[in-house]
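Please read the structure below before turning to the comments.
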Amino acid sequence: MTTATAQSHPNIAFIKYWGDREPLLHLPASGSISMNLDGLYSRTQVTFDPTLAADQLTLDGKKMSGAPLVRVSKLLERVRQMAGLRQFAAVTSNNNFPMGAGIASSASAFAALSLAAATAAGITLNEQELSRLARTGSGSACRSVPAGFVEWQAGDGDASSYAFSIAPPDYWDLVDCIAIVSQVHKPTGSSEGHALADSSPLQAARLEGATRRLELCRKAILERDFAGLTDVVELDCNLMHAVMMTSAPPLLYWQPATLAVMHAVVDWRQDGLPVCYTIDAGPNVHVLCSSQHRAQVTARLAQIPGVERLLTARPGGAARLLESPISTP
Ligand code: PMV
């Protein structure tokens with residue numbers, strides 16, 4: 001019996017991944033850029049056990065079956081093939097943040113699973129290999145493998161589609177203030193959403209400008225240019241949501257409170273507070289600012305009707321192994 005435990009952070013995309021060139025391996029239609037979210041994490045323990053007759057998954061204390069287990073099993077199968085191993089595994093995973101509401105729990109979950117599974121199987125993968133493995137579980141998971149501010153290069157096949165760090169976590173003291181307006185599980189998950197992207201007449205236009213937006217975002221991060229970051233992050237978010245809203249069937253993730261926060265952010269900025277928003281595949285709004293404005297931004301967000309809860313996160317580190325196993329009740 002061999003066991004390993006790993007931890008990784010979710011990430012917030014500044015330049016979004018939406019749509020696949022190749023869905024099975026999650027080869028994206030364009031590159032993307034994100035920031036890992038410190039303080040939020042998935043912790044995952046994998047134990048390969050010769051006595052098991054099938055893979056098992058316990059998520060936040062609940063035994064899982066069906067689609068979530070199948071998805072985890074597929075990744076374990078890849079690891080078994082790499083390692084030449086035939087044993088099934090017991091997987092225990094816990095998140096310290098709400099799942100399915102636009103904070104990419106699948107990103108941290110599959111990054112942590114990849115590292116724990118590879119280690120428990122006795123194989124050592126470098127960061128690129130680990131990022132590629134995590135990508136096959138959930139595209140954005142490849143960005144939760146390296147540290148800090150991270151770019152996922154689309155690549156032209158499995159070997160070249162992985163993420164790497166553009167800048168370490170302490171490079172820029174940004175804070176993501178996450179306004180939770182709903183903790184309900186999203187109706188259409190991102191896996192189905194990616195498959196709908198090409199049905200929008202706007203996806204082609206979005207992809208056409210992707211290289212330019214990646215350049216602008218990379219530059220804004222490297223120059224710590226908040227105004228530059230604001231322009232490209234909000235544009236890229238609005239483009240992705242325009243594609244979502246115009247796909248067939250349309251995906252409308254925003255709630256009234258989502259829009260209230262977006263308007264407030266734009267108003268505050270006009271009044272001189274450097275702040276910008278971005279939204280993933282859910283109703284919650286990620287409000288970015290520098291750490292000196294964190295208290296002011298969170299105090300203002302808390303006043304907006306419909307904001308149920310606030311989380312804040314600084315730039316987070318890489319996926320890493322943990323010494324102590326997860327204790328089971
Ligand atoms: O990795 P997935 O399949 O959960 O897709 C992530 C999609 C977005 O969160 C909406 C955008 C992104 O780049 O993280």
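Residue numbering restarts at 1 in every chain; chains get A, B, ... in the order shown in the structure tokens, and ligands count up from 1 in that same order.
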
Using only C-alpha atoms, determine which residues lie at most 9 Å from Asp55 in chain A, disregarding the query and same-chain residues fewer than 3 positions distant; provide the list as a list in words.
-> Phe48, Leu52, Leu69, Val70, Val72, Ser73, Leu76, Gln87, Phe88, Ala89, Ala90 and Val91 of chain A

message = Considering only alpha helix (DSSP H) as DSSP defines it on the backbone, what residues of range 6-191 of chain A qualify? List them as a ChimeraX atom specification.
response = /A:66-83,105-120,127-137,190-191

TODO: Might you pull out every residue within 6 Å of Ala13 in chain A, with only C-alpha atoms counted and same-chain residues fewer than 2 positions away left off, and present them as JSON, numbers by chain?
DONE: {"A": [15, 16, 33, 34]}

Go ahead and dump the residues you just picked, C-alpha atoms, as a tab-separated table (two decimals), in the first residue's frame.
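result_12.tsv was written with the following content:
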```tsv
chain	number	residue	atom	x	y	z
A	15	ILE	CA	-7.39	35.77	-19.41
A	16	LYS	CA	-9.96	32.99	-19.72
A	33	ILE	CA	-3.35	33.51	-17.60
A	34	SER	CA	-4.28	33.21	-13.93
```

Nearby residues (only C-alpha atoms) at most 7 Å from range 265-281 of chain A, same-chain spacing under 6 positions excluded, as a PDB file with all heavy atoms, in the first residue's frame:
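In the end it all went to result13.pdb:
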```
ATOM      1  N   GLY A 102     -18.072  29.109  -9.216  1.00  0.00           N
ATOM      2  CA  GLY A 102     -17.203  30.064  -9.894  1.00  0.00           C
ATOM      3  C   GLY A 102     -15.845  30.232  -9.238  1.00  0.00           C
ATOM      4  O   GLY A 102     -15.058  31.053  -9.664  1.00  0.00           O
ATOM      5  N   SER A 190     -18.378  23.670 -16.373  1.00  0.00           N
ATOM      6  CA  SER A 190     -17.527  24.163 -17.454  1.00  0.00           C
ATOM      7  C   SER A 190     -17.261  23.099 -18.523  1.00  0.00           C
ATOM      8  O   SER A 190     -17.094  23.445 -19.688  1.00  0.00           O
ATOM      9  CB  SER A 190     -16.231  24.737 -16.897  1.00  0.00           C
ATOM     10  OG  SER A 190     -15.713  23.895 -15.924  1.00  0.00           O
ATOM     11  N   THR A 230      -6.472  46.124 -15.444  1.00  0.00           N
ATOM     12  CA  THR A 230      -7.918  46.372 -15.395  1.00  0.00           C
ATOM     13  C   THR A 230      -8.537  46.292 -16.786  1.00  0.00           C
ATOM     14  O   THR A 230      -9.531  45.603 -17.004  1.00  0.00           O
ATOM     15  CB  THR A 230      -8.169  47.783 -14.799  1.00  0.00           C
ATOM     16  OG1 THR A 230      -7.715  47.768 -13.451  1.00  0.00           O
ATOM     17  CG2 THR A 230      -9.633  48.168 -14.853  1.00  0.00           C
ATOM     18  N   VAL A 233      -8.320  42.623 -18.246  1.00  0.00           N
ATOM     19  CA  VAL A 233      -9.039  41.607 -17.453  1.00  0.00           C
ATOM     20  C   VAL A 233     -10.562  41.772 -17.625  1.00  0.00           C
ATOM     21  O   VAL A 233     -11.289  40.796 -17.846  1.00  0.00           O
ATOM     22  CB  VAL A 233      -8.628  41.695 -15.959  1.00  0.00           C
ATOM     23  CG1 VAL A 233      -9.618  40.981 -15.059  1.00  0.00           C
ATOM     24  CG2 VAL A 233      -7.239  41.099 -15.771  1.00  0.00           C
ATOM     25  N   GLU A 234     -11.041  43.010 -17.550  1.00  0.00           N
ATOM     26  CA  GLU A 234     -12.493  43.205 -17.689  1.00  0.00           C
ATOM     27  C   GLU A 234     -12.947  42.913 -19.121  1.00  0.00           C
ATOM     28  O   GLU A 234     -13.994  42.312 -19.344  1.00  0.00           O
ATOM     29  CB  GLU A 234     -12.899  44.610 -17.226  1.00  0.00           C
ATOM     30  CG  GLU A 234     -12.752  44.743 -15.708  1.00  0.00           C
ATOM     31  CD  GLU A 234     -13.371  46.006 -15.115  1.00  0.00           C
ATOM     32  OE1 GLU A 234     -13.868  46.863 -15.892  1.00  0.00           O
ATOM     33  OE2 GLU A 234     -13.357  46.130 -13.868  1.00  0.00           O
ATOM     34  N   CYS A 237     -13.019  39.101 -19.568  1.00  0.00           N
ATOM     35  CA  CYS A 237     -14.162  38.535 -18.834  1.00  0.00           C
ATOM     36  C   CYS A 237     -15.458  38.791 -19.601  1.00  0.00           C
ATOM     37  O   CYS A 237     -16.275  37.888 -19.801  1.00  0.00           O
ATOM     38  CB  CYS A 237     -14.211  39.167 -17.442  1.00  0.00           C
ATOM     39  SG  CYS A 237     -15.768  38.920 -16.582  1.00  0.00           S
ATOM     40  N   TYR A 253     -24.768  33.089 -16.435  1.00  0.00           N
ATOM     41  CA  TYR A 253     -24.314  32.782 -15.079  1.00  0.00           C
ATOM     42  C   TYR A 253     -24.595  33.907 -14.086  1.00  0.00           C
ATOM     43  O   TYR A 253     -24.536  33.699 -12.893  1.00  0.00           O
ATOM     44  CB  TYR A 253     -22.810  32.484 -15.088  1.00  0.00           C
ATOM     45  CG  TYR A 253     -22.460  31.151 -15.719  1.00  0.00           C
ATOM     46  CD1 TYR A 253     -21.846  31.082 -16.959  1.00  0.00           C
ATOM     47  CD2 TYR A 253     -22.747  29.956 -15.068  1.00  0.00           C
ATOM     48  CE1 TYR A 253     -21.508  29.862 -17.526  1.00  0.00           C
ATOM     49  CE2 TYR A 253     -22.424  28.735 -15.619  1.00  0.00           C
ATOM     50  CZ  TYR A 253     -21.798  28.689 -16.856  1.00  0.00           C
ATOM     51  OH  TYR A 253     -21.482  27.477 -17.413  1.00  0.00           O
ATOM     52  N   VAL A 287     -13.065  40.465  -7.262  1.00  0.00           N
ATOM     53  CA  VAL A 287     -12.713  41.883  -7.334  1.00  0.00           C
ATOM     54  C   VAL A 287     -11.231  42.010  -6.965  1.00  0.00           C
ATOM     55  O   VAL A 287     -10.823  41.662  -5.858  1.00  0.00           O
ATOM     56  CB  VAL A 287     -13.614  42.704  -6.388  1.00  0.00           C
ATOM     57  CG1 VAL A 287     -13.234  44.178  -6.449  1.00  0.00           C
ATOM     58  CG2 VAL A 287     -15.089  42.520  -6.765  1.00  0.00           C
ATOM     59  N   LEU A 288     -10.457  42.480  -7.933  1.00  0.00           N
ATOM     60  CA  LEU A 288      -9.001  42.563  -7.738  1.00  0.00           C
ATOM     61  C   LEU A 288      -8.606  43.959  -7.299  1.00  0.00           C
ATOM     62  O   LEU A 288      -9.149  44.957  -7.801  1.00  0.00           O
ATOM     63  CB  LEU A 288      -8.277  42.227  -9.045  1.00  0.00           C
ATOM     64  CG  LEU A 288      -8.603  40.874  -9.680  1.00  0.00           C
ATOM     65  CD1 LEU A 288      -7.951  40.768 -11.062  1.00  0.00           C
ATOM     66  CD2 LEU A 288      -8.137  39.733  -8.780  1.00  0.00           C
ATOM     67  N   CYS A 289      -7.662  44.036  -6.373  1.00  0.00           N
ATOM     68  CA  CYS A 289      -7.114  45.331  -5.966  1.00  0.00           C
ATOM     69  C   CYS A 289      -5.730  45.073  -5.376  1.00  0.00           C
ATOM     70  O   CYS A 289      -5.332  43.916  -5.216  1.00  0.00           O
ATOM     71  CB  CYS A 289      -8.016  46.019  -4.938  1.00  0.00           C
ATOM     72  SG  CYS A 289      -8.180  45.114  -3.392  1.00  0.00           S
TER      73      CYS A 289
END
```

How close does each residue of chain A get to ligand 1, giving the shortest atom pair and distance in Å to one decimal for every residue with an atom at most 9 Å away, counting only C-alpha atoms and all ligand atoms, sorted by chain and residue number, as a tab-separated table?
```
residue	atom	partner	partner_atom_place_in_ligand_line	distance
A:Asn11	CA	ligand 1	14 (O)	7.1
A:Ile12	CA	ligand 1	14 (O)	6.1
A:Ala13	CA	ligand 1	13 (O)	4.8
A:Phe14	CA	ligand 1	13 (O)	7.6
A:Ile15	CA	ligand 1	13 (O)	6.6
A:Lys16	CA	ligand 1	13 (O)	3.8
A:Tyr17	CA	ligand 1	13 (O)	3.6
A:Trp18	CA	ligand 1	7 (C)	5.7
A:Gly19	CA	ligand 1	5 (O)	8.5
A:His26	CA	ligand 1	3 (O)	8.0
A:Gly31	CA	ligand 1	13 (O)	8.8
A:Ser32	CA	ligand 1	13 (O)	6.1
A:Ile33	CA	ligand 1	13 (O)	7.4
A:Ser34	CA	ligand 1	13 (O)	7.4
A:Gly102	CA	ligand 1	9 (O)	6.7
A:Ile103	CA	ligand 1	9 (O)	7.5
A:Ala104	CA	ligand 1	9 (O)	5.9
A:Ser105	CA	ligand 1	4 (O)	7.8
A:Ser106	CA	ligand 1	4 (O)	5.7
A:Ala107	CA	ligand 1	1 (O)	6.0
A:Arg135	CA	ligand 1	1 (O)	7.7
A:Gly137	CA	ligand 1	1 (O)	8.2
A:Ser138	CA	ligand 1	1 (O)	4.4
A:Gly139	CA	ligand 1	1 (O)	3.8
A:Ser140	CA	ligand 1	1 (O)	3.6
A:Ala141	CA	ligand 1	1 (O)	6.0
A:Cys142	CA	ligand 1	1 (O)	8.3
A:Arg143	CA	ligand 1	14 (O)	8.7
A:Gly189	CA	ligand 1	4 (O)	7.5
A:Ser190	CA	ligand 1	3 (O)	4.7
A:Ser191	CA	ligand 1	3 (O)	5.0
A:Glu192	CA	ligand 1	3 (O)	8.5
A:Gly193	CA	ligand 1	3 (O)	8.1
A:His194	CA	ligand 1	3 (O)	7.0
A:Cys237	CA	ligand 1	11 (C)	8.9
A:Met240	CA	ligand 1	10 (C)	7.9
A:His241	CA	ligand 1	10 (C)	8.9
A:Ile279	CA	ligand 1	10 (C)	7.6
A:Asp280	CA	ligand 1	10 (C)	4.1
A:Ala281	CA	ligand 1	10 (C)	4.3
A:Gly282	CA	ligand 1	10 (C)	7.8
```

Which distance in Å separates CA of Arg80 in chain A and CA of His9 in chain A, to one decimal?
->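 Going from CA of Arg80 in chain A over to CA of His9 in chain A covers 24.5 Å.
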
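You will find CA of Thr58 in chain A at 27.9 Å from CA of Tyr162 in chain A.
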
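Taking only C-alpha atoms into account, Phe164 in chain A lies nearest to A:Met35 out of the set A:Leu75, A:Met35, A:Leu196, A:Leu251.
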
inquiry  = Could you go through range 73-138 of chain A and tell me which residues DSSP, when run on the backbone, assigns to strand (DSSP E or B), listing them as a PyMOL selection string?
reply    = chain A and resi 88-95

Restricting it to all heavy atoms, dump the selection as a short mmCIF file (atom, residue, chain, number, x, y, z; two decimals), in the first residue's frame.
```
data_model
loop_
_atom_site.label_atom_id
_atom_site.label_comp_id
_atom_site.auth_asym_id
_atom_site.auth_seq_id
_atom_site.Cartn_x
_atom_site.Cartn_y
_atom_site.Cartn_z
N PHE A 88 -5.99 -0.43 -7.60
CA PHE A 88 -6.95 0.67 -7.50
C PHE A 88 -6.56 1.57 -6.32
O PHE A 88 -5.71 1.21 -5.52
CB PHE A 88 -8.37 0.11 -7.32
CG PHE A 88 -8.87 -0.55 -8.58
CD1 PHE A 88 -9.03 -1.93 -8.64
CD2 PHE A 88 -9.17 0.20 -9.71
CE1 PHE A 88 -9.49 -2.55 -9.80
CE2 PHE A 88 -9.62 -0.41 -10.87
CZ PHE A 88 -9.78 -1.78 -10.92
N ALA A 89 -7.23 2.73 -6.29
CA ALA A 89 -6.85 3.70 -5.25
C ALA A 89 -8.05 4.22 -4.49
O ALA A 89 -9.16 4.32 -5.02
CB ALA A 89 -6.12 4.88 -5.90
N ALA A 90 -7.80 4.57 -3.22
CA ALA A 90 -8.79 5.30 -2.42
C ALA A 90 -8.36 6.76 -2.41
O ALA A 90 -7.21 7.07 -2.07
CB ALA A 90 -8.82 4.75 -1.01
N VAL A 91 -9.26 7.65 -2.83
CA VAL A 91 -8.95 9.09 -2.90
C VAL A 91 -9.83 9.81 -1.89
O VAL A 91 -11.05 9.64 -1.87
CB VAL A 91 -9.21 9.64 -4.32
CG1 VAL A 91 -8.98 11.14 -4.38
CG2 VAL A 91 -8.34 8.92 -5.35
N THR A 92 -9.20 10.62 -1.05
CA THR A 92 -9.95 11.46 -0.10
C THR A 92 -9.57 12.90 -0.38
O THR A 92 -8.38 13.22 -0.41
CB THR A 92 -9.57 11.13 1.36
OG1 THR A 92 -9.71 9.73 1.53
CG2 THR A 92 -10.45 11.85 2.35
N SER A 93 -10.57 13.75 -0.63
CA SER A 93 -10.25 15.14 -0.97
C SER A 93 -11.15 16.09 -0.21
O SER A 93 -12.35 15.86 -0.09
CB SER A 93 -10.42 15.33 -2.49
OG SER A 93 -9.93 16.59 -2.85
N ASN A 94 -10.57 17.15 0.31
CA ASN A 94 -11.33 18.18 1.03
C ASN A 94 -11.00 19.55 0.48
O ASN A 94 -9.84 19.85 0.20
CB ASN A 94 -10.96 18.17 2.52
CG ASN A 94 -11.34 16.87 3.20
OD1 ASN A 94 -12.35 16.26 2.86
ND2 ASN A 94 -10.51 16.43 4.13
N ASN A 95 -12.03 20.38 0.34
CA ASN A 95 -11.83 21.79 -0.05
C ASN A 95 -12.18 22.66 1.14
O ASN A 95 -13.11 22.33 1.88
CB ASN A 95 -12.79 22.17 -1.19
CG ASN A 95 -12.52 21.39 -2.45
OD1 ASN A 95 -11.37 21.20 -2.82
ND2 ASN A 95 -13.57 20.94 -3.10
#
```

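When only C-alpha atoms are used to compute distances to Glu77 in chain A, the closest of the residues A:Asn284, A:Ser8, A:Thr136, A:Ser290 turns out to be A:Thr136.
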
Students should find that CA of Trp254 in chain A and CA of Leu239 in chain A are spaced 13.9 Å

Give me the residues within 8 Å of Asn96 in chain A as a PDB file with all heavy atoms, in the first residue's frame, counting only C-alpha atoms and dropping any in the same chain fewer than 2 places off.
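What ended up in result-v9.pdb:
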```pdb
ATOM      1  N   LEU A  40      -7.002  29.426   0.052  1.00  0.00           N
ATOM      2  CA  LEU A  40      -8.035  28.486  -0.390  1.00  0.00           C
ATOM      3  C   LEU A  40      -7.299  27.264  -0.917  1.00  0.00           C
ATOM      4  O   LEU A  40      -6.282  27.411  -1.590  1.00  0.00           O
ATOM      5  CB  LEU A  40      -8.900  29.101  -1.500  1.00  0.00           C
ATOM      6  CG  LEU A  40      -9.471  30.500  -1.233  1.00  0.00           C
ATOM      7  CD1 LEU A  40     -10.298  30.957  -2.417  1.00  0.00           C
ATOM      8  CD2 LEU A  40     -10.333  30.478   0.022  1.00  0.00           C
ATOM      9  N   TYR A  41      -7.810  26.083  -0.629  1.00  0.00           N
ATOM     10  CA  TYR A  41      -7.060  24.914  -1.097  1.00  0.00           C
ATOM     11  C   TYR A  41      -7.928  23.666  -1.219  1.00  0.00           C
ATOM     12  O   TYR A  41      -9.000  23.565  -0.628  1.00  0.00           O
ATOM     13  CB  TYR A  41      -5.873  24.614  -0.164  1.00  0.00           C
ATOM     14  CG  TYR A  41      -6.269  24.355   1.263  1.00  0.00           C
ATOM     15  CD1 TYR A  41      -6.801  23.128   1.648  1.00  0.00           C
ATOM     16  CD2 TYR A  41      -6.125  25.354   2.234  1.00  0.00           C
ATOM     17  CE1 TYR A  41      -7.191  22.895   2.952  1.00  0.00           C
ATOM     18  CE2 TYR A  41      -6.513  25.119   3.547  1.00  0.00           C
ATOM     19  CZ  TYR A  41      -7.047  23.897   3.895  1.00  0.00           C
ATOM     20  OH  TYR A  41      -7.443  23.676   5.193  1.00  0.00           O
ATOM     21  N   SER A  42      -7.422  22.722  -2.005  1.00  0.00           N
ATOM     22  CA  SER A  42      -7.888  21.330  -1.986  1.00  0.00           C
ATOM     23  C   SER A  42      -6.752  20.513  -1.396  1.00  0.00           C
ATOM     24  O   SER A  42      -5.593  20.720  -1.771  1.00  0.00           O
ATOM     25  CB  SER A  42      -8.135  20.796  -3.401  1.00  0.00           C
ATOM     26  OG  SER A  42      -9.157  21.493  -4.032  1.00  0.00           O
ATOM     27  N   ASN A  94     -10.567  17.155   0.309  1.00  0.00           N
ATOM     28  CA  ASN A  94     -11.331  18.177   1.035  1.00  0.00           C
ATOM     29  C   ASN A  94     -11.004  19.550   0.482  1.00  0.00           C
ATOM     30  O   ASN A  94      -9.843  19.846   0.202  1.00  0.00           O
ATOM     31  CB  ASN A  94     -10.961  18.175   2.523  1.00  0.00           C
ATOM     32  CG  ASN A  94     -11.336  16.867   3.196  1.00  0.00           C
ATOM     33  OD1 ASN A  94     -12.349  16.261   2.860  1.00  0.00           O
ATOM     34  ND2 ASN A  94     -10.514  16.435   4.129  1.00  0.00           N
ATOM     35  N   PRO A  98     -16.431  26.961  -0.955  1.00  0.00           N
ATOM     36  CA  PRO A  98     -17.617  26.359  -1.582  1.00  0.00           C
ATOM     37  C   PRO A  98     -17.359  25.904  -3.006  1.00  0.00           C
ATOM     38  O   PRO A  98     -16.670  26.585  -3.770  1.00  0.00           O
ATOM     39  CB  PRO A  98     -18.666  27.487  -1.553  1.00  0.00           C
ATOM     40  CG  PRO A  98     -17.928  28.734  -1.269  1.00  0.00           C
ATOM     41  CD  PRO A  98     -16.635  28.377  -0.605  1.00  0.00           C
TER      42      PRO A  98
END
```

Report as a tab-separated table the residues of range 223-329 of chain A within 12 Å of range 122-127 of chain A, each with its shortest atom pair and distance in Å (one decimal), using only C-alpha atoms, ordered by chain and increasing residue number.
```
residue	atom	partner	partner_atom	distance
A:Ala318	CA	A:Glu127	CA	9.5
A:Ala319	CA	A:Glu127	CA	9.5
A:Arg320	CA	A:Glu127	CA	10.8
```

Resulting file, chosen residues, C-alpha atoms, as an mmCIF file, in the first residue's frame:
```
data_model
loop_
_atom_site.group_PDB
_atom_site.id
_atom_site.type_symbol
_atom_site.label_atom_id
_atom_site.label_comp_id
_atom_site.auth_asym_id
_atom_site.auth_seq_id
_atom_site.Cartn_x
_atom_site.Cartn_y
_atom_site.Cartn_z
ATOM 1 C CA ALA A 318 2.566 25.905 -6.298
ATOM 2 C CA ALA A 319 0.946 22.522 -5.740
ATOM 3 C CA ARG A 320 2.949 20.718 -3.061
#
```

task = Please provide as a ChimeraX atom specification all residues within 10 Å of Gly157 in chain A, with the sequence filter that same-chain residues fewer than 4 positions apart are discarded (counting only C-alpha atoms).
result = /A:21-22,25-28,161-162
